[in-house]
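model30.pdb follows; it contains PDB, C-alpha atoms.
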```
MODEL        1
ATOM      1  CA  MET L   1       0.000   0.000   0.000  1.00  0.00           C
ATOM      2  CA  LYS L   2       0.931   3.636  -0.408  1.00  0.00           C
ATOM      3  CA  ILE L   3       0.253   5.347   2.919  1.00  0.00           C
ATOM      4  CA  LEU L   4       0.305   8.988   3.990  1.00  0.00           C
ATOM      5  CA  VAL L   5       1.291   9.493   7.638  1.00  0.00           C
ATOM      6  CA  VAL L   6       0.333  12.862   9.127  1.00  0.00           C
ATOM      7  CA  GLU L   7       2.225  13.063  12.398  1.00  0.00           C
ATOM      8  CA  ASP L   8       4.233  15.966  13.866  1.00  0.00           C
ATOM      9  CA  ASP L   9       6.091  13.965  16.532  1.00  0.00           C
ATOM     10  CA  ARG L  10       9.310  12.937  14.815  1.00  0.00           C
ATOM     11  CA  LYS L  11       9.961   9.816  16.916  1.00  0.00           C
ATOM     12  CA  THR L  12       6.425   8.501  16.380  1.00  0.00           C
ATOM     13  CA  ALA L  13       6.521   9.312  12.668  1.00  0.00           C
ATOM     14  CA  ASP L  14       9.888   7.556  12.240  1.00  0.00           C
ATOM     15  CA  TYR L  15       8.642   4.514  14.186  1.00  0.00           C
ATOM     16  CA  ILE L  16       5.530   4.193  12.007  1.00  0.00           C
ATOM     17  CA  SER L  17       7.400   4.865   8.776  1.00  0.00           C
ATOM     18  CA  ARG L  18      10.096   2.300   9.557  1.00  0.00           C
ATOM     19  CA  GLY L  19       7.532  -0.343  10.514  1.00  0.00           C
ATOM     20  CA  LEU L  20       5.457   0.221   7.392  1.00  0.00           C
ATOM     21  CA  SER L  21       8.547   0.065   5.165  1.00  0.00           C
ATOM     22  CA  GLU L  22       9.622  -3.197   6.794  1.00  0.00           C
ATOM     23  CA  ALA L  23       6.122  -4.556   6.111  1.00  0.00           C
ATOM     24  CA  GLY L  24       6.596  -3.750   2.407  1.00  0.00           C
ATOM     25  CA  HIS L  25       4.559  -0.564   2.149  1.00  0.00           C
ATOM     26  CA  VAL L  26       5.432   2.840   0.686  1.00  0.00           C
ATOM     27  CA  CYS L  27       5.131   5.639   3.207  1.00  0.00           C
ATOM     28  CA  ASP L  28       5.106   9.446   2.950  1.00  0.00           C
ATOM     29  CA  VAL L  29       5.331  11.479   6.165  1.00  0.00           C
ATOM     30  CA  ILE L  30       4.002  15.029   6.532  1.00  0.00           C
ATOM     31  CA  ARG L  31       4.008  16.955   9.805  1.00  0.00           C
ATOM     32  CA  ASP L  32       1.620  19.803   8.930  1.00  0.00           C
ATOM     33  CA  GLY L  33      -2.113  19.448   8.326  1.00  0.00           C
ATOM     34  CA  THR L  34      -2.309  22.087   5.606  1.00  0.00           C
ATOM     35  CA  ASP L  35       0.521  20.474   3.647  1.00  0.00           C
ATOM     36  CA  ALA L  36      -1.072  17.054   4.176  1.00  0.00           C
ATOM     37  CA  LEU L  37      -4.383  18.214   2.704  1.00  0.00           C
ATOM     38  CA  PHE L  38      -2.595  19.497  -0.385  1.00  0.00           C
ATOM     39  CA  GLN L  39      -0.760  16.177  -0.742  1.00  0.00           C
ATOM     40  CA  ALA L  40      -3.867  14.041  -0.190  1.00  0.00           C
ATOM     41  CA  THR L  41      -5.762  15.880  -2.938  1.00  0.00           C
ATOM     42  CA  ARG L  42      -2.882  15.623  -5.428  1.00  0.00           C
ATOM     43  CA  GLU L  43      -1.606  12.074  -4.874  1.00  0.00           C
ATOM     44  CA  HIS L  44      -3.340   8.712  -4.668  1.00  0.00           C
ATOM     45  CA  TYR L  45      -2.988   6.909  -1.328  1.00  0.00           C
ATOM     46  CA  ASP L  46      -4.500   3.654  -0.126  1.00  0.00           C
ATOM     47  CA  VAL L  47      -4.786   4.790   3.506  1.00  0.00           C
ATOM     48  CA  LEU L  48      -4.241   7.969   5.542  1.00  0.00           C
ATOM     49  CA  ILE L  49      -2.912   7.804   9.126  1.00  0.00           C
ATOM     50  CA  VAL L  50      -3.763  11.080  10.860  1.00  0.00           C
ATOM     51  CA  ASP L  51      -2.849  12.489  14.261  1.00  0.00           C
ATOM     52  CA  ARG L  52      -5.441  14.944  15.570  1.00  0.00           C
ATOM     53  CA  MET L  53      -3.093  17.438  17.207  1.00  0.00           C
ATOM     54  CA  ILE L  54      -0.878  18.714  14.369  1.00  0.00           C
ATOM     55  CA  PRO L  55       0.223  22.174  13.184  1.00  0.00           C
ATOM     56  CA  GLY L  56      -1.690  23.984  10.473  1.00  0.00           C
ATOM     57  CA  LEU L  57      -5.010  22.232   9.980  1.00  0.00           C
ATOM     58  CA  ASP L  58      -5.716  19.933  12.915  1.00  0.00           C
ATOM     59  CA  GLY L  59      -6.396  16.307  12.048  1.00  0.00           C
ATOM     60  CA  LEU L  60     -10.162  16.600  12.401  1.00  0.00           C
ATOM     61  CA  SER L  61     -10.312  19.597  10.047  1.00  0.00           C
ATOM     62  CA  LEU L  62      -7.929  17.875   7.646  1.00  0.00           C
ATOM     63  CA  VAL L  63     -10.169  14.833   7.209  1.00  0.00           C
ATOM     64  CA  LYS L  64     -13.306  16.998   6.941  1.00  0.00           C
ATOM     65  CA  ALA L  65     -11.664  19.113   4.236  1.00  0.00           C
ATOM     66  CA  ALA L  66     -10.441  16.023   2.395  1.00  0.00           C
ATOM     67  CA  ARG L  67     -13.950  14.562   2.348  1.00  0.00           C
ATOM     68  CA  ALA L  68     -15.347  17.889   1.117  1.00  0.00           C
ATOM     69  CA  ALA L  69     -12.786  17.745  -1.691  1.00  0.00           C
ATOM     70  CA  LYS L  70     -14.101  14.264  -2.624  1.00  0.00           C
ATOM     71  CA  VAL L  71     -11.041  12.421  -1.325  1.00  0.00           C
ATOM     72  CA  GLU L  72     -12.481   9.078  -0.203  1.00  0.00           C
ATOM     73  CA  THR L  73      -9.191   7.450   0.825  1.00  0.00           C
ATOM     74  CA  PRO L  74      -9.756   5.469   4.052  1.00  0.00           C
ATOM     75  CA  ALA L  75      -8.445   7.390   7.069  1.00  0.00           C
ATOM     76  CA  ILE L  76      -7.488   6.151  10.516  1.00  0.00           C
ATOM     77  CA  PHE L  77      -6.968   8.569  13.376  1.00  0.00           C
ATOM     78  CA  LEU L  78      -3.930   7.729  15.518  1.00  0.00           C
ATOM     79  CA  THR L  79      -4.027  10.040  18.524  1.00  0.00           C
ATOM     80  CA  SER L  80      -3.728  10.415  22.285  1.00  0.00           C
ATOM     81  CA  MET L  81      -7.256  11.908  22.402  1.00  0.00           C
ATOM     82  CA  SER L  82      -8.955   8.814  23.746  1.00  0.00           C
ATOM     83  CA  GLY L  83     -12.327   9.922  25.098  1.00  0.00           C
ATOM     84  CA  VAL L  84     -15.589   8.534  23.730  1.00  0.00           C
ATOM     85  CA  GLU L  85     -16.572  11.971  22.420  1.00  0.00           C
ATOM     86  CA  ASP L  86     -13.173  12.275  20.750  1.00  0.00           C
ATOM     87  CA  ARG L  87     -13.679   8.990  18.925  1.00  0.00           C
ATOM     88  CA  VAL L  88     -17.199   9.958  17.888  1.00  0.00           C
ATOM     89  CA  GLU L  89     -15.930  13.291  16.560  1.00  0.00           C
ATOM     90  CA  GLY L  90     -13.265  11.538  14.543  1.00  0.00           C
ATOM     91  CA  LEU L  91     -15.658   9.082  12.947  1.00  0.00           C
ATOM     92  CA  GLU L  92     -18.279  11.740  12.236  1.00  0.00           C
ATOM     93  CA  ALA L  93     -15.606  13.928  10.609  1.00  0.00           C
ATOM     94  CA  GLY L  94     -15.068  11.216   8.003  1.00  0.00           C
ATOM     95  CA  GLY L  95     -12.571   8.910   9.700  1.00  0.00           C
ATOM     96  CA  ASP L  96     -12.916   5.190   9.062  1.00  0.00           C
ATOM     97  CA  ASP L  97     -11.160   3.986  12.210  1.00  0.00           C
ATOM     98  CA  TYR L  98      -9.736   5.386  15.446  1.00  0.00           C
ATOM     99  CA  LEU L  99      -6.718   4.072  17.355  1.00  0.00           C
ATOM    100  CA  THR L 100      -5.372   5.691  20.519  1.00  0.00           C
ATOM    101  CA  LYS L 101      -1.784   6.148  21.686  1.00  0.00           C
ATOM    102  CA  PRO L 102       0.125   4.334  23.053  1.00  0.00           C
ATOM    103  CA  PHE L 103      -0.512   1.647  20.462  1.00  0.00           C
ATOM    104  CA  ALA L 104       0.858  -1.701  19.324  1.00  0.00           C
ATOM    105  CA  PHE L 105       2.252  -1.519  15.792  1.00  0.00           C
ATOM    106  CA  SER L 106       0.834  -4.975  15.023  1.00  0.00           C
ATOM    107  CA  GLU L 107      -2.661  -3.661  15.774  1.00  0.00           C
ATOM    108  CA  LEU L 108      -2.116  -0.576  13.605  1.00  0.00           C
ATOM    109  CA  LEU L 109      -0.946  -2.793  10.740  1.00  0.00           C
ATOM    110  CA  ALA L 110      -3.948  -5.116  11.128  1.00  0.00           C
ATOM    111  CA  ARG L 111      -6.340  -2.158  11.049  1.00  0.00           C
ATOM    112  CA  LEU L 112      -4.628  -0.723   7.973  1.00  0.00           C
ATOM    113  CA  ASN L 113      -4.958  -4.041   6.170  1.00  0.00           C
ATOM    114  CA  ALA L 114      -8.647  -4.206   7.108  1.00  0.00           C
ATOM    115  CA  LEU L 115      -9.249  -0.687   5.783  1.00  0.00           C
ATOM    116  CA  ALA L 116      -7.440  -1.453   2.539  1.00  0.00           C
ATOM    117  CA  ARG L 117      -9.708  -4.457   1.939  1.00  0.00           C
ATOM    118  CA  ARG L 118     -12.835  -2.310   2.063  1.00  0.00           C
ATOM    119  CA  PRO L 119     -14.244  -1.299  -1.301  1.00  0.00           C
ATOM    120  CA  PRO L 120     -13.670   2.460  -1.651  1.00  0.00           C
ATOM    121  CA  VAL L 121     -16.880   4.457  -1.373  1.00  0.00           C
ATOM    122  CA  GLN L 122     -16.595   5.870  -4.859  1.00  0.00           C
ATOM    123  CA  ASP L 123     -16.109   2.393  -6.366  1.00  0.00           C
ATOM    124  CA  ARG L 124     -19.593   1.376  -5.210  1.00  0.00           C
ATOM    125  CA  LYS L 125     -21.148   3.733  -7.722  1.00  0.00           C
ATOM    126  CA  THR L 126     -21.937   1.975 -10.962  1.00  0.00           C
ATOM    127  CA  VAL L 127     -23.288   4.964 -12.874  1.00  0.00           C
ATOM    128  CA  LEU L 128     -21.085   8.055 -13.041  1.00  0.00           C
ATOM    129  CA  ARG L 129     -22.290  11.450 -14.278  1.00  0.00           C
ATOM    130  CA  ILE L 130     -20.570  14.748 -15.003  1.00  0.00           C
ATOM    131  CA  ALA L 131     -22.811  17.375 -16.596  1.00  0.00           C
ATOM    132  CA  ASP L 132     -24.496  15.628 -19.556  1.00  0.00           C
ATOM    133  CA  LEU L 133     -21.928  12.795 -19.738  1.00  0.00           C
ATOM    134  CA  GLU L 134     -22.909   9.416 -18.290  1.00  0.00           C
ATOM    135  CA  LEU L 135     -20.830   6.250 -17.818  1.00  0.00           C
ATOM    136  CA  ASP L 136     -22.412   2.953 -16.765  1.00  0.00           C
ATOM    137  CA  VAL L 137     -19.735   0.700 -15.256  1.00  0.00           C
ATOM    138  CA  VAL L 138     -21.860  -2.464 -15.287  1.00  0.00           C
ATOM    139  CA  LYS L 139     -23.257  -2.119 -18.803  1.00  0.00           C
ATOM    140  CA  ARG L 140     -19.948  -0.682 -20.093  1.00  0.00           C
ATOM    141  CA  GLN L 141     -21.833   2.094 -21.848  1.00  0.00           C
ATOM    142  CA  VAL L 142     -21.041   5.786 -22.281  1.00  0.00           C
ATOM    143  CA  SER L 143     -23.335   8.511 -23.575  1.00  0.00           C
ATOM    144  CA  ARG L 144     -23.466  12.281 -23.746  1.00  0.00           C
ATOM    145  CA  GLN L 145     -26.676  14.206 -24.232  1.00  0.00           C
ATOM    146  CA  GLY L 146     -28.249  10.785 -24.740  1.00  0.00           C
ATOM    147  CA  THR L 147     -25.956   9.983 -27.675  1.00  0.00           C
ATOM    148  CA  PRO L 148     -24.069   6.659 -27.307  1.00  0.00           C
ATOM    149  CA  ILE L 149     -20.266   6.939 -27.476  1.00  0.00           C
ATOM    150  CA  ASP L 150     -18.164   3.966 -28.518  1.00  0.00           C
ATOM    151  CA  LEU L 151     -14.941   3.658 -26.510  1.00  0.00           C
ATOM    152  CA  GLN L 152     -12.126   1.158 -26.651  1.00  0.00           C
ATOM    153  CA  PRO L 153     -11.541  -0.752 -23.354  1.00  0.00           C
ATOM    154  CA  ARG L 154      -8.545   1.366 -22.326  1.00  0.00           C
ATOM    155  CA  GLU L 155     -10.374   4.580 -23.217  1.00  0.00           C
ATOM    156  CA  PHE L 156     -13.309   3.436 -21.080  1.00  0.00           C
ATOM    157  CA  THR L 157     -11.007   2.758 -18.117  1.00  0.00           C
ATOM    158  CA  LEU L 158      -9.296   6.125 -18.538  1.00  0.00           C
ATOM    159  CA  LEU L 159     -12.636   7.922 -18.609  1.00  0.00           C
ATOM    160  CA  GLU L 160     -13.843   6.034 -15.530  1.00  0.00           C
ATOM    161  CA  VAL L 161     -10.697   6.987 -13.587  1.00  0.00           C
ATOM    162  CA  LEU L 162     -11.071  10.651 -14.575  1.00  0.00           C
ATOM    163  CA  MET L 163     -14.776  10.725 -13.700  1.00  0.00           C
ATOM    164  CA  ARG L 164     -14.265   9.092 -10.300  1.00  0.00           C
ATOM    165  CA  ALA L 165     -11.724  11.819  -9.514  1.00  0.00           C
ATOM    166  CA  GLU L 166     -14.065  14.608 -10.657  1.00  0.00           C
ATOM    167  CA  GLY L 167     -12.600  18.012  -9.834  1.00  0.00           C
ATOM    168  CA  ARG L 168      -9.198  16.598  -8.804  1.00  0.00           C
ATOM    169  CA  VAL L 169      -6.005  16.782 -10.836  1.00  0.00           C
ATOM    170  CA  LEU L 170      -4.526  13.421 -11.868  1.00  0.00           C
ATOM    171  CA  THR L 171      -0.894  13.445 -12.867  1.00  0.00           C
ATOM    172  CA  ARG L 172       0.553  11.470 -15.761  1.00  0.00           C
ATOM    173  CA  THR L 173       2.172   9.102 -13.251  1.00  0.00           C
ATOM    174  CA  MET L 174      -1.138   8.513 -11.464  1.00  0.00           C
ATOM    175  CA  LEU L 175      -2.864   7.697 -14.762  1.00  0.00           C
ATOM    176  CA  LEU L 176      -0.079   5.312 -15.771  1.00  0.00           C
ATOM    177  CA  GLU L 177      -0.548   3.461 -12.468  1.00  0.00           C
ATOM    178  CA  ARG L 178      -4.339   3.355 -12.445  1.00  0.00           C
ATOM    179  CA  VAL L 179      -5.093   2.777 -16.140  1.00  0.00           C
ATOM    180  CA  TRP L 180      -2.072   0.858 -17.427  1.00  0.00           C
ATOM    181  CA  ASP L 181      -0.738  -0.568 -14.121  1.00  0.00           C
ATOM    182  CA  PHE L 182       2.690   0.874 -14.910  1.00  0.00           C
ATOM    183  CA  HIS L 183       4.722   1.590 -11.790  1.00  0.00           C
ATOM    184  CA  PHE L 184       7.445   3.172 -13.890  1.00  0.00           C
ATOM    185  CA  ASP L 185       7.529   5.694 -16.721  1.00  0.00           C
ATOM    186  CA  PRO L 186       7.645   3.822 -20.055  1.00  0.00           C
ATOM    187  CA  LYS L 187       8.828   7.053 -21.740  1.00  0.00           C
ATOM    188  CA  THR L 188       6.031   6.983 -24.285  1.00  0.00           C
ATOM    189  CA  SER L 189       3.148   9.313 -25.109  1.00  0.00           C
ATOM    190  CA  VAL L 190       0.528   6.679 -24.269  1.00  0.00           C
ATOM    191  CA  VAL L 191      -1.296   8.945 -21.791  1.00  0.00           C
ATOM    192  CA  GLU L 192      -1.330  11.961 -24.090  1.00  0.00           C
ATOM    193  CA  THR L 193      -2.458   9.838 -27.041  1.00  0.00           C
ATOM    194  CA  HIS L 194      -5.400   8.329 -25.147  1.00  0.00           C
ATOM    195  CA  ILE L 195      -6.432  11.688 -23.675  1.00  0.00           C
ATOM    196  CA  SER L 196      -6.510  13.093 -27.217  1.00  0.00           C
ATOM    197  CA  ARG L 197      -8.644  10.190 -28.444  1.00  0.00           C
ATOM    198  CA  LEU L 198     -10.977  10.570 -25.499  1.00  0.00           C
ATOM    199  CA  ARG L 199     -11.439  14.281 -26.174  1.00  0.00           C
ATOM    200  CA  THR L 200     -12.197  13.571 -29.815  1.00  0.00           C
ATOM    201  CA  LYS L 201     -15.067  11.307 -28.771  1.00  0.00           C
ATOM    202  CA  ILE L 202     -16.567  12.943 -25.676  1.00  0.00           C
ATOM    203  CA  ASP L 203     -15.692  16.640 -26.034  1.00  0.00           C
ATOM    204  CA  LYS L 204     -15.210  17.769 -29.634  1.00  0.00           C
ATOM    205  CA  PRO L 205     -18.705  16.836 -30.910  1.00  0.00           C
ATOM    206  CA  PHE L 206     -20.301  18.829 -28.095  1.00  0.00           C
ATOM    207  CA  ASP L 207     -20.361  22.465 -27.004  1.00  0.00           C
ATOM    208  CA  VAL L 208     -18.817  22.125 -23.546  1.00  0.00           C
ATOM    209  CA  GLN L 209     -15.361  20.770 -22.715  1.00  0.00           C
ATOM    210  CA  LEU L 210     -15.161  18.374 -19.753  1.00  0.00           C
ATOM    211  CA  VAL L 211     -11.550  17.119 -19.930  1.00  0.00           C
ATOM    212  CA  HIS L 212      -9.077  19.825 -18.965  1.00  0.00           C
ATOM    213  CA  THR L 213      -5.285  19.989 -19.070  1.00  0.00           C
ATOM    214  CA  VAL L 214      -3.635  21.477 -16.001  1.00  0.00           C
ATOM    215  CA  ARG L 215      -0.362  22.856 -17.288  1.00  0.00           C
ATOM    216  CA  ASN L 216       2.769  21.073 -16.064  1.00  0.00           C
ATOM    217  CA  THR L 217       0.635  18.965 -13.698  1.00  0.00           C
ATOM    218  CA  GLY L 218      -1.847  16.603 -15.363  1.00  0.00           C
ATOM    219  CA  TYR L 219      -5.516  16.326 -16.244  1.00  0.00           C
ATOM    220  CA  CYS L 220      -8.772  17.129 -14.524  1.00  0.00           C
ATOM    221  CA  MET L 221     -12.379  16.427 -15.399  1.00  0.00           C
ATOM    222  CA  HIS L 222     -15.184  18.704 -14.257  1.00  0.00           C
ATOM    223  CA  ALA L 223     -18.438  20.269 -15.328  1.00  0.00           C
ATOM    224  CA  PRO L 224     -18.617  23.894 -16.521  1.00  0.00           C
ATOM    225  CA  ARG L 225     -17.899  26.398 -13.781  1.00  0.00           C
TER     226      ARG L 225
ENDMDL
END
```
Encoding of this model in C-alpha cells:
Amino acid sequence: MKILVVEDDRKTADYISRGLSEAGHVCDVIRDGTDALFQATREHYDVLIVDRMIPGLDGLSLVKAARAAKVETPAIFLTSMSGVEDRVEGLEAGGDDYLTKPFAFSELLARLNALARRPPVQDRKTVLRIADLELDVVKRQVSRQGTPIDLQPREFTLLEVLMRAEGRVLTRTMLLERVWDFHFDPKTSVVETHISRLRTKIDKPFDVQLVHTVRNTGYCMHAPR
C-alpha cells in the first residue's frame, strides 16, 4: 500500500514509517495538516494515518476538508485523544477507524490491512455522471446528451478513472498506475495519445469541454464552472 502518515512527533513518525517500510509498504510522512491536505488531494494513497493534534489544519479539520474535496481514501486517526466523544468526533468527521496512543504496531498494521480491503466508497457507484456525460460501469456504456459513445476498453477505463476523480487533478504518473498498471515511466506518449482520443469522442462533438489539461501537472475532469 501507499500510505500517507500525518504526524508531527518525529519519533512517532519515524517509528511508524520504519515499521510500514519493513512490512513492504510505501510511506510518505508530513508533519503539517495544511501540507497534508494538499498532498492528499494531489496524490493517490490507499490509507491515511492522521494524528489529531498537528500544526496547520488539525487532524479533524484535515479529514473533513479532504472529504469535502471528494477524497475518499480510508483514514485512521492515531491520537492520544482517547475519550468517547473524541472517537465519535473523529468518525463523524469522516474517519474510518480510530486508534489511541500508546498503540501496538501490530494492531495498527492489522487495522490498515482491514481498511485497505474495504471497497472504496466511490467504487460502489456503478453509474457516473458529469454534466451531460454518463458512464455505466456495469453495462460498459457511455453517452453524452443521450448519444451513445463507442470507446475502446482502455479509453473506457481512462474515462472512468477521470470521472471518479471529478474536480481533482490526476498526474501522468497517477494515470499510468491506475489505467495501465505501470509503476514506472515507459517514456512513451501513451497517456497523451489516449487523452486526445478521449477528447475527440466525448468533447469535440459537443459544445462544452469536460476534460481539462492542467499545465505542467496533469488532467482534470469537471463540469462547466
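Closest approach to Asp132 in chain L among L:Met81, L:Leu37, L:Leu210, L:Ala69 is made by L:Leu210 (distances from only C-alpha atoms).
Taken over the shown file, the PyMOL selection byres ((chain L and resi 190-207) around 7) identifies L:Ile149, L:Glu155, L:Arg172, L:Thr188, L:Ser189, L:Val208, L:Gln209, L:Leu210, L:Val211.
Considering only C-alpha atoms, the residue among L:Ser143, L:Gln39, L:Ser80, L:Thr12 positioned nearest to Leu99 in chain L is L:Ser80.
When CA of Leu91 in chain L is paired with CA of Gly24 in chain L, their separation reads 27.8 Å.
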The PyMOL selection byres ((chain L and resi 23) around 12) applied to the shown file, residues as a PDB file with C-alpha atoms, keeping the file's coordinate frame:
```pdb
ATOM      1  CA  MET L   1       0.000   0.000   0.000  1.00  0.00           C
ATOM      2  CA  LYS L   2       0.931   3.636  -0.408  1.00  0.00           C
ATOM      3  CA  ILE L   3       0.253   5.347   2.919  1.00  0.00           C
ATOM      4  CA  ILE L  16       5.530   4.193  12.007  1.00  0.00           C
ATOM      5  CA  SER L  17       7.400   4.865   8.776  1.00  0.00           C
ATOM      6  CA  ARG L  18      10.096   2.300   9.557  1.00  0.00           C
ATOM      7  CA  GLY L  19       7.532  -0.343  10.514  1.00  0.00           C
ATOM      8  CA  LEU L  20       5.457   0.221   7.392  1.00  0.00           C
ATOM      9  CA  SER L  21       8.547   0.065   5.165  1.00  0.00           C
ATOM     10  CA  GLU L  22       9.622  -3.197   6.794  1.00  0.00           C
ATOM     11  CA  GLY L  24       6.596  -3.750   2.407  1.00  0.00           C
ATOM     12  CA  HIS L  25       4.559  -0.564   2.149  1.00  0.00           C
ATOM     13  CA  VAL L  26       5.432   2.840   0.686  1.00  0.00           C
ATOM     14  CA  CYS L  27       5.131   5.639   3.207  1.00  0.00           C
ATOM     15  CA  PHE L 105       2.252  -1.519  15.792  1.00  0.00           C
ATOM     16  CA  SER L 106       0.834  -4.975  15.023  1.00  0.00           C
ATOM     17  CA  LEU L 108      -2.116  -0.576  13.605  1.00  0.00           C
ATOM     18  CA  LEU L 109      -0.946  -2.793  10.740  1.00  0.00           C
ATOM     19  CA  ALA L 110      -3.948  -5.116  11.128  1.00  0.00           C
ATOM     20  CA  LEU L 112      -4.628  -0.723   7.973  1.00  0.00           C
ATOM     21  CA  ASN L 113      -4.958  -4.041   6.170  1.00  0.00           C
TER      22      ASN L 113
END
```
**Test item: residues at most 8 Å from range 213-222 of chain L, all atoms listed in the file, excluding those fewer than 4 positions along its chain, as a ChimeraX atom specification** = /L:130,162-163,165-172
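With distances taken over all atoms listed in the file, L:Arg154 is the one residue among L:Leu159, L:Gly90, L:Asp136, L:Arg154 lying closest to Trp180 in chain L.
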**Message:** Under the rule that all atoms listed in the file are counted, which of L:Ala68, L:Phe103, L:Pro74, L:Gly146 is the nearest residue to Tyr15 in chain L?
**Reply:** L:Phe103
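Nearest to Ile54 in chain L of all the residues L:Thr73, L:Thr41, L:Thr79, L:Thr126 is L:Thr79, counting all atoms listed in the file.
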**Result set of the PyMOL selection byres ((chain L and resi 48) around 8) on the coordinates above, as a PyMOL selection string** = chain L and resi 3-6+45-47+49-50+73-76
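Taking CA of Val161 in chain L and CA of Val137 in chain L as the two end points, the separation is 11.1 Å.
Atom pair CA of Asp150 in chain L / CA of Val138 in chain L has a distance of 15.2 Å (rounded to one decimal).
The smallest atom-to-atom distance between Ala223 in chain L and any of L:Asp14, L:Thr100, L:Leu133, L:Val88, using all atoms listed in the file, is found for L:Leu133.
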Around range 130-142 of chain L, with edges along x, y and z and 3 Å added on all six sides, what centre and edge lengths do you get, in Å to one decimal, as AutoDock Vina command-line options?
```
--center_x -22.1 --center_y 7.5 --center_z -18.6 --size_x 10.8 --size_y 25.8 --size_z 13.3
```
